[in-house]
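Trainee: Sending over my_file.txt (compact mmCIF, C-alpha atoms).
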```txt
# COMPACT_ATOMS: atom_id res chain seq x y z
CA MET A 14 14.33 11.65 -9.89
CA THR A 15 17.78 10.62 -8.73
CA ILE A 16 18.43 9.92 -5.06
CA ASP A 17 21.91 9.80 -3.59
CA ALA A 18 22.47 7.19 -0.93
CA ALA A 19 23.50 7.99 2.61
CA PRO A 20 27.20 8.88 3.00
CA SER A 21 28.07 5.31 4.01
CA ARG A 22 26.75 4.17 0.63
CA SER A 23 27.77 7.21 -1.37
CA ALA A 24 28.79 5.08 -4.34
CA LEU A 25 25.10 4.22 -4.94
CA GLN A 26 22.60 6.17 -6.99
CA VAL A 27 19.01 5.07 -7.67
CA GLU A 28 16.65 6.47 -10.27
CA PHE A 29 12.93 5.62 -10.15
CA PRO A 30 10.45 5.66 -13.06
CA GLY A 31 7.86 8.42 -13.38
CA ASP A 32 4.48 8.93 -11.74
CA GLU A 33 2.81 5.82 -13.18
CA LEU A 34 1.66 3.28 -10.57
CA LEU A 35 3.26 -0.03 -11.52
CA GLU A 36 2.09 -3.45 -10.37
CA GLN A 37 4.15 -4.27 -7.30
CA ASP A 38 5.84 -7.27 -8.89
CA HIS A 39 6.74 -5.13 -11.93
CA GLU A 40 8.38 -2.22 -10.11
CA TRP A 41 11.96 -1.45 -11.05
CA CYS A 42 14.72 1.07 -10.58
CA ARG A 43 17.89 2.19 -12.33
CA VAL A 44 20.93 1.67 -10.15
CA THR A 45 24.34 3.26 -10.65
CA VAL A 46 27.25 1.80 -8.72
CA GLU A 47 30.68 3.35 -9.21
CA GLY A 48 29.68 4.71 -12.61
CA LYS A 49 28.09 1.51 -13.91
CA THR A 50 24.31 1.62 -14.49
CA ARG A 51 21.74 -1.15 -14.81
CA ASP A 52 17.99 -1.65 -14.44
CA ILE A 53 16.83 -3.97 -11.66
CA ARG A 54 13.32 -5.25 -10.97
CA PHE A 55 12.39 -5.11 -7.31
CA HIS A 56 11.65 -8.83 -7.29
CA ASP A 57 15.08 -9.69 -8.70
CA TYR A 58 16.34 -10.03 -5.15
CA ASP A 59 19.48 -11.90 -6.17
CA GLU A 60 20.73 -8.80 -7.96
CA ILE A 61 19.70 -6.45 -5.16
CA TYR A 62 21.35 -8.54 -2.45
CA SER A 63 24.58 -8.67 -4.43
CA ILE A 64 25.05 -4.90 -4.06
CA PRO A 65 25.94 -4.09 -0.43
CA GLY A 66 23.53 -1.60 1.13
CA LEU A 67 21.14 -1.43 -1.83
CA TYR A 68 18.30 -3.40 -0.22
CA GLU A 69 18.21 -1.17 2.88
CA PHE A 70 18.66 2.05 0.93
CA LEU A 71 16.05 1.22 -1.69
CA PHE A 72 13.27 -0.23 0.44
CA TYR A 73 13.83 1.17 3.91
CA GLU A 74 15.35 4.59 3.40
CA ARG A 75 13.77 5.74 0.15
CA LEU A 76 10.51 3.76 0.11
CA GLU A 77 10.05 3.82 3.90
CA CYS A 78 9.34 0.11 4.45
CA CYS A 79 8.49 -0.61 8.08
CA SER A 80 7.24 -4.20 7.97
CA PRO A 81 9.95 -5.91 10.05
CA GLU A 82 9.33 -3.42 12.85
CA VAL A 83 5.52 -3.66 12.56
CA VAL A 84 5.26 -7.47 12.41
CA CYS A 85 7.85 -8.04 15.15
CA GLY A 86 6.25 -5.31 17.26
CA LEU A 87 2.85 -6.97 16.96
CA LEU A 88 4.41 -10.28 17.99
CA GLU A 89 6.10 -8.58 20.94
CA GLU A 90 2.74 -7.25 22.14
CA GLU A 91 1.26 -10.75 22.13
CA LEU A 92 4.25 -12.18 23.95
CA GLU A 93 3.88 -9.52 26.63
CA SER A 94 0.15 -10.23 26.87
CA ASP A 95 0.86 -13.95 27.34
CA ASP A 96 3.77 -13.24 29.72
CA VAL A 97 6.14 -15.13 27.41
CA ASP A 98 9.88 -14.39 27.44
CA PRO A 99 11.16 -13.88 23.84
CA ALA A 100 14.37 -15.64 24.88
CA GLY A 101 12.40 -18.90 24.90
CA LEU A 102 11.32 -18.64 21.27
CA ARG A 103 12.86 -20.90 18.65
CA VAL A 104 12.01 -19.04 15.45
CA LEU A 105 11.94 -20.18 11.85
CA ASP A 106 12.35 -17.06 9.67
CA LEU A 107 10.81 -17.98 6.32
CA GLY A 108 12.03 -15.88 3.39
CA ALA A 109 14.77 -14.53 5.63
CA GLY A 110 16.49 -12.47 2.95
CA ASN A 111 19.48 -10.49 4.22
CA GLY A 112 18.41 -10.79 7.84
CA MET A 113 16.51 -7.59 8.61
CA VAL A 114 13.68 -9.48 10.33
CA GLY A 115 16.16 -11.69 12.15
CA GLU A 116 17.90 -8.58 13.45
CA GLU A 117 14.57 -7.20 14.75
CA LEU A 118 13.82 -10.49 16.48
CA ALA A 119 17.29 -10.64 18.02
CA GLU A 120 16.83 -7.11 19.37
CA LEU A 121 13.50 -8.28 20.81
CA GLY A 122 15.42 -10.88 22.81
CA VAL A 123 15.02 -13.99 20.63
CA ARG A 124 18.12 -16.15 20.97
CA SER A 125 17.39 -19.06 18.62
CA LEU A 126 16.87 -18.10 14.96
CA VAL A 127 17.03 -20.23 11.82
CA GLY A 128 16.62 -18.65 8.39
CA ILE A 129 15.33 -20.19 5.17
CA ASP A 130 15.44 -18.63 1.71
CA LEU A 131 15.42 -19.82 -1.89
CA LEU A 132 18.40 -17.68 -2.85
CA PRO A 133 22.05 -18.32 -2.04
CA GLU A 134 22.55 -14.56 -2.54
CA ALA A 135 20.21 -13.95 0.42
CA LYS A 136 22.24 -16.20 2.70
CA ALA A 137 25.48 -14.55 1.56
CA ALA A 138 23.99 -11.09 2.20
CA ALA A 139 22.79 -12.07 5.69
CA LYS A 140 26.24 -13.41 6.54
CA ARG A 141 27.83 -10.25 5.13
CA ASP A 142 25.45 -7.69 6.65
CA ARG A 143 24.29 -9.35 9.89
CA PRO A 144 26.80 -11.98 10.94
CA GLY A 145 25.82 -14.01 13.97
CA VAL A 146 22.08 -13.27 13.85
CA TYR A 147 21.13 -16.78 12.71
CA ALA A 148 22.17 -20.01 14.38
CA ASP A 149 21.69 -21.61 10.96
CA TYR A 150 20.54 -20.48 7.52
CA HIS A 151 19.34 -22.90 4.84
CA VAL A 152 19.05 -22.25 1.13
CA CYS A 153 16.31 -24.61 -0.01
CA ASP A 154 12.98 -25.07 -1.74
CA LEU A 155 10.48 -26.16 0.90
CA THR A 156 8.35 -27.84 -1.77
CA GLU A 157 11.27 -30.21 -2.49
CA LEU A 158 12.78 -30.77 0.95
CA SER A 159 15.19 -33.66 1.29
CA ASP A 160 14.43 -36.13 4.08
CA GLU A 161 17.75 -35.21 5.69
CA LEU A 162 17.00 -31.49 5.84
CA ARG A 163 13.41 -32.06 6.97
CA GLU A 164 14.67 -34.12 9.90
CA LYS A 165 17.29 -31.50 10.72
CA LEU A 166 14.63 -28.79 10.77
CA ARG A 167 12.29 -30.92 12.88
CA GLY A 168 15.15 -31.33 15.32
CA CYS A 169 15.13 -27.55 15.87
CA ASP A 170 11.78 -27.93 17.66
CA PHE A 171 10.48 -24.57 16.40
CA ASN A 172 7.82 -22.84 18.47
CA SER A 173 7.47 -19.78 16.23
CA LEU A 174 7.22 -18.97 12.52
CA VAL A 175 7.83 -15.46 11.19
CA THR A 176 7.65 -14.42 7.55
CA VAL A 177 7.70 -10.81 6.40
CA ALA A 178 7.13 -9.34 2.92
CA ALA A 179 7.51 -12.76 1.29
CA LEU A 180 3.93 -13.98 0.73
CA GLY A 181 1.34 -13.51 -1.98
CA PHE A 182 3.42 -13.03 -5.14
CA GLY A 183 4.31 -16.65 -5.82
CA ASP A 184 7.74 -16.44 -4.18
CA ILE A 185 6.45 -18.75 -1.43
CA PRO A 186 3.61 -20.98 -2.70
CA PRO A 187 0.98 -22.47 -0.36
CA LEU A 188 2.81 -25.80 -0.09
CA ALA A 189 6.07 -24.12 0.98
CA PHE A 190 4.28 -22.06 3.63
CA ALA A 191 2.47 -25.17 4.88
CA GLU A 192 5.72 -27.12 5.10
CA ALA A 193 7.25 -24.37 7.24
CA PHE A 194 4.09 -23.99 9.30
CA ASN A 195 3.96 -27.72 10.03
CA LEU A 196 7.49 -27.60 11.40
CA VAL A 197 6.22 -25.45 14.28
CA SER A 198 4.87 -27.15 17.39
CA ASP A 199 1.21 -26.76 18.33
CA GLY A 200 0.79 -23.74 20.59
CA GLY A 201 3.57 -21.90 18.77
CA TYR A 202 3.32 -18.35 17.48
CA VAL A 203 2.83 -17.44 13.82
CA ALA A 204 3.50 -13.89 12.61
CA PHE A 205 3.34 -12.74 9.00
CA ASN A 206 2.13 -10.01 6.67
CA ILE A 207 0.47 -9.93 3.27
CA LYS A 208 -0.75 -7.26 0.88
CA GLU A 209 -4.21 -6.13 1.99
CA HIS A 210 -6.10 -6.83 -1.24
CA PHE A 211 -4.80 -10.40 -1.39
CA LEU A 212 -6.99 -11.23 1.60
CA ASP A 213 -9.96 -9.34 0.16
CA ASP A 214 -9.87 -10.38 -3.50
CA GLY A 215 -7.67 -13.44 -3.60
CA ASP A 216 -4.46 -13.86 -5.57
CA PRO A 217 -3.36 -16.23 -8.33
CA THR A 218 -1.00 -18.22 -6.07
CA GLY A 219 -3.82 -19.50 -3.84
CA PHE A 220 -2.10 -18.17 -0.75
CA SER A 221 -5.00 -15.95 0.28
CA LYS A 222 -7.34 -18.96 0.16
CA LEU A 223 -4.97 -20.94 2.36
CA ILE A 224 -4.73 -18.17 4.96
CA GLY A 225 -8.49 -17.73 4.93
CA ARG A 226 -9.03 -21.44 5.53
CA VAL A 227 -6.48 -21.82 8.34
CA LEU A 228 -8.13 -18.91 10.14
CA GLU A 229 -11.69 -20.15 9.48
CA THR A 230 -10.97 -23.69 10.62
CA GLY A 231 -9.11 -22.67 13.75
CA ILE A 232 -5.78 -24.10 12.62
CA VAL A 233 -4.51 -20.66 13.57
CA GLU A 234 -6.12 -18.84 16.46
CA GLN A 235 -5.81 -15.22 15.37
CA ARG A 236 -4.67 -12.93 18.18
CA ALA A 237 -3.87 -9.63 16.49
CA GLU A 238 -4.26 -7.86 13.16
CA LYS A 239 -2.99 -4.51 11.92
CA VAL A 240 -3.51 -2.74 8.59
CA TYR A 241 -0.67 -0.35 7.83
CA CYS A 242 1.49 1.15 5.07
CA HIS A 243 4.10 -1.48 4.25
CA ARG A 244 6.05 0.93 2.06
CA LEU A 245 5.64 3.51 -0.68
CA ALA A 246 5.34 2.60 -4.34
CA THR A 247 7.85 4.20 -6.72
CA ASN A 248 5.27 6.91 -7.54
CA GLY A 249 4.73 7.71 -3.86
CA ASP A 250 1.43 5.87 -3.34
CA GLU A 251 1.01 3.87 -0.13
CA LEU A 252 1.05 0.07 -0.35
CA ASN A 253 -1.11 -1.25 2.47
CA TYR A 254 -0.48 -4.62 4.08
CA VAL A 255 -2.07 -6.63 6.87
CA ALA A 256 0.08 -7.95 9.71
CA ILE A 257 -1.32 -10.97 11.55
CA VAL A 258 -0.16 -12.74 14.69
CA GLY A 259 -1.75 -15.98 15.86
CA VAL A 260 -1.20 -19.21 17.70
CA LYS A 261 -0.93 -22.52 15.86
CA ARG A 262 -3.45 -25.14 17.01
CA SER A 263 -2.77 -27.93 14.49
CA ASP A 264 -0.92 -28.79 11.29
CA ILE A 265 -2.23 -27.78 7.87
CA PRO A 266 -3.59 -30.98 6.28
CA ALA A 267 -2.70 -32.02 2.74
CA ALA A 268 -6.33 -31.68 1.62
CA LEU A 269 -6.41 -28.01 2.56
CA ILE A 270 -3.15 -27.36 0.68
CA ALA A 271 -4.58 -29.08 -2.40
CA GLU A 272 -7.73 -26.96 -2.12
CA ALA A 273 -5.68 -23.75 -1.94
CA GLU A 274 -3.65 -24.78 -4.98
CA GLY A 275 -6.77 -25.68 -6.95
CA ARG A 276 -6.00 -29.40 -7.08
CA THR A 277 -9.41 -30.52 -5.78
```
Spell out the structure here as structure tokens.

Mentor:
Amino acid sequence: MTIDAAPSRSALQVEFPGDELLEQDHEWCRVTVEGKTRDIRFHDYDEIYSIPGLYEFLFYERLECCSPEVVCGLLEEELESDDVDPAGLRVLDLGAGNGMVGEELAELGVRSLVGIDLLPEAKAAAKRDRPGVYADYHVCDLTELSDELREKLRGCDFNSLVTVAALGFGDIPPLAFAEAFNLVSDGGYVAFNIKEHFLDDGDPTGFSKLIGRVLETGIVEQRAEKVYCHRLATNGDELNYVAIVGVKRSDIPAALIAEAEGRT
């Protein structure tokens, strides 16, 4: 089937494959922009971000993704329960992409946002599509942080970590998540989501094991959990995720990271 974009993106056309359910990290679409057609895998984010409006049209309009709203809404509920003003949060947005989560947080009242992503195309898209949302945005690999950047990030004194639709497929390995997590002060909020079966059955990246251990050991005090439809697959099936909000009680130790990565 061929779907025309909204009038503001009328130059875009997207064609999905048939009724077969593809593995989520193998999904793809055929995109036509101003008469030129190419196939793009959903996880080739650099290509998607390079086409203005494609990310929103593809995932949020056609495939009905609601994760930024769900995760940020769950965080908002906990802030209200704790009588915490969102304006006081200093948020690290891990896997920030083109800024959709940052925009949700800003609308919530968060005033201090720093984004991190592996892709320079993500930073360029965030600047293009949502200028002014982030106080700073770093393109870096958290598993290979320079001392200079680590100190700069520590100087931000983060009291919240948010990561949406970025975990469990190897895009952010356990060490990278732990590095970001350990930049947040004790007592800070942690909000993220992950595909439901990754927590039930495990996943090859070791991320599910890491999350299980930080919850079991009390490194994160879980406050809220919600199972919901993250988005539709290209064949129309629902892809269920789990959103979790908690409070950080201590850093993730190196031994636990090694255990999650199978190095013990």

Trainee: Which residue is closest to Val83 in chain A? Choose from A:Arg262, A:Lys165, A:His56, A:Arg244 and count only C-alpha atoms.

Mentor: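 Answer, going by the shortest atom-to-atom distance: A:Arg244.
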
Trainee: For range 148-164 of chain A, please output as number ranges by chain all residues within 12 Å (counting all atoms listed in the file; exclusion window: fewer than 4 positions along the same chain).

Mentor: A: 103-112, 115, 119, 123-140, 143-144, 168-170, 184-196, 270

Trainee: Show me the residues around (3.4, -9.3, 8.6) - criterion: an atom at most 7 Å away, only C-alpha atoms counted - as a ChimeraX atom specification.

Mentor: /A:80,84,176-178,204-207,255-257

Trainee: Any chance you could export the current selection's C-alpha atoms as a PDB file, keeping the file's coordinate frame?

Mentor:
```
ATOM      1  CA  SER A  80       7.240  -4.200   7.970  1.00  0.00           C
ATOM      2  CA  VAL A  84       5.260  -7.470  12.410  1.00  0.00           C
ATOM      3  CA  THR A 176       7.650 -14.420   7.550  1.00  0.00           C
ATOM      4  CA  VAL A 177       7.700 -10.810   6.400  1.00  0.00           C
ATOM      5  CA  ALA A 178       7.130  -9.340   2.920  1.00  0.00           C
ATOM      6  CA  ALA A 204       3.500 -13.890  12.610  1.00  0.00           C
ATOM      7  CA  PHE A 205       3.340 -12.740   9.000  1.00  0.00           C
ATOM      8  CA  ASN A 206       2.130 -10.010   6.670  1.00  0.00           C
ATOM      9  CA  ILE A 207       0.470  -9.930   3.270  1.00  0.00           C
ATOM     10  CA  VAL A 255      -2.070  -6.630   6.870  1.00  0.00           C
ATOM     11  CA  ALA A 256       0.080  -7.950   9.710  1.00  0.00           C
ATOM     12  CA  ILE A 257      -1.320 -10.970  11.550  1.00  0.00           C
TER      13      ILE A 257
END
```

Trainee: So how far away is CA of Glu209 in chain A from CA of Leu174 in chain A, in Å?

Mentor: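 Atom-to-atom, CA of Leu174 in chain A to CA of Glu209 in chain A, that is 20.2 Å.
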
Trainee: Which one of A:Ala246, A:Val97, A:Leu223, A:Leu269 sits closest to Asp38 in chain A if you count all atoms listed in the file?

Mentor: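 Among the listed residues, the smallest separation from Asp38 in chain A belongs to A:Ala246.
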
Trainee: Measuring atom to atom with all atoms listed in the file, identify which of A:Met113, A:Glu40, A:Leu88, A:Leu121 is nearest to Glu69 in chain A.

Mentor: A:Met113

Trainee: Please indicate the distance in Å from CA of Pro81 in chain A to CA of Val240 in chain A, rounded to one decimal place.

Mentor: 13.9 Å

Trainee: Which residue gives the smallest distance to Ala24 in chain A among A:Gly275, A:Asp52, A:Gly66, A:Leu87, with only C-alpha atoms counted?

Mentor: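 So, comparing all the options, the nearest one is A:Gly66.
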
Trainee: Taking only C-alpha atoms into account, name the residue in A:Gln235, A:Ser221, A:Thr50, A:Thr230 that is nearest to Gly200 in chain A.

Mentor: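 Of all the options, A:Gln235 lies closest to Gly200 in chain A.
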
Trainee: Between CA of Val27 in chain A and CA of Val44 in chain A, measure the distance and give it in Å to one decimal.

Mentor: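 Separation between CA of Val27 in chain A and CA of Val44 in chain A: 4.6 Å.
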
Trainee: Using all atoms listed in the file for the distances, tell me which of A:Arg167, A:Lys208, A:Arg141, A:His39 is nearest to Cys242 in chain A.

Mentor: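 The shortest atom-to-atom distance to Cys242 in chain A comes from A:Lys208.
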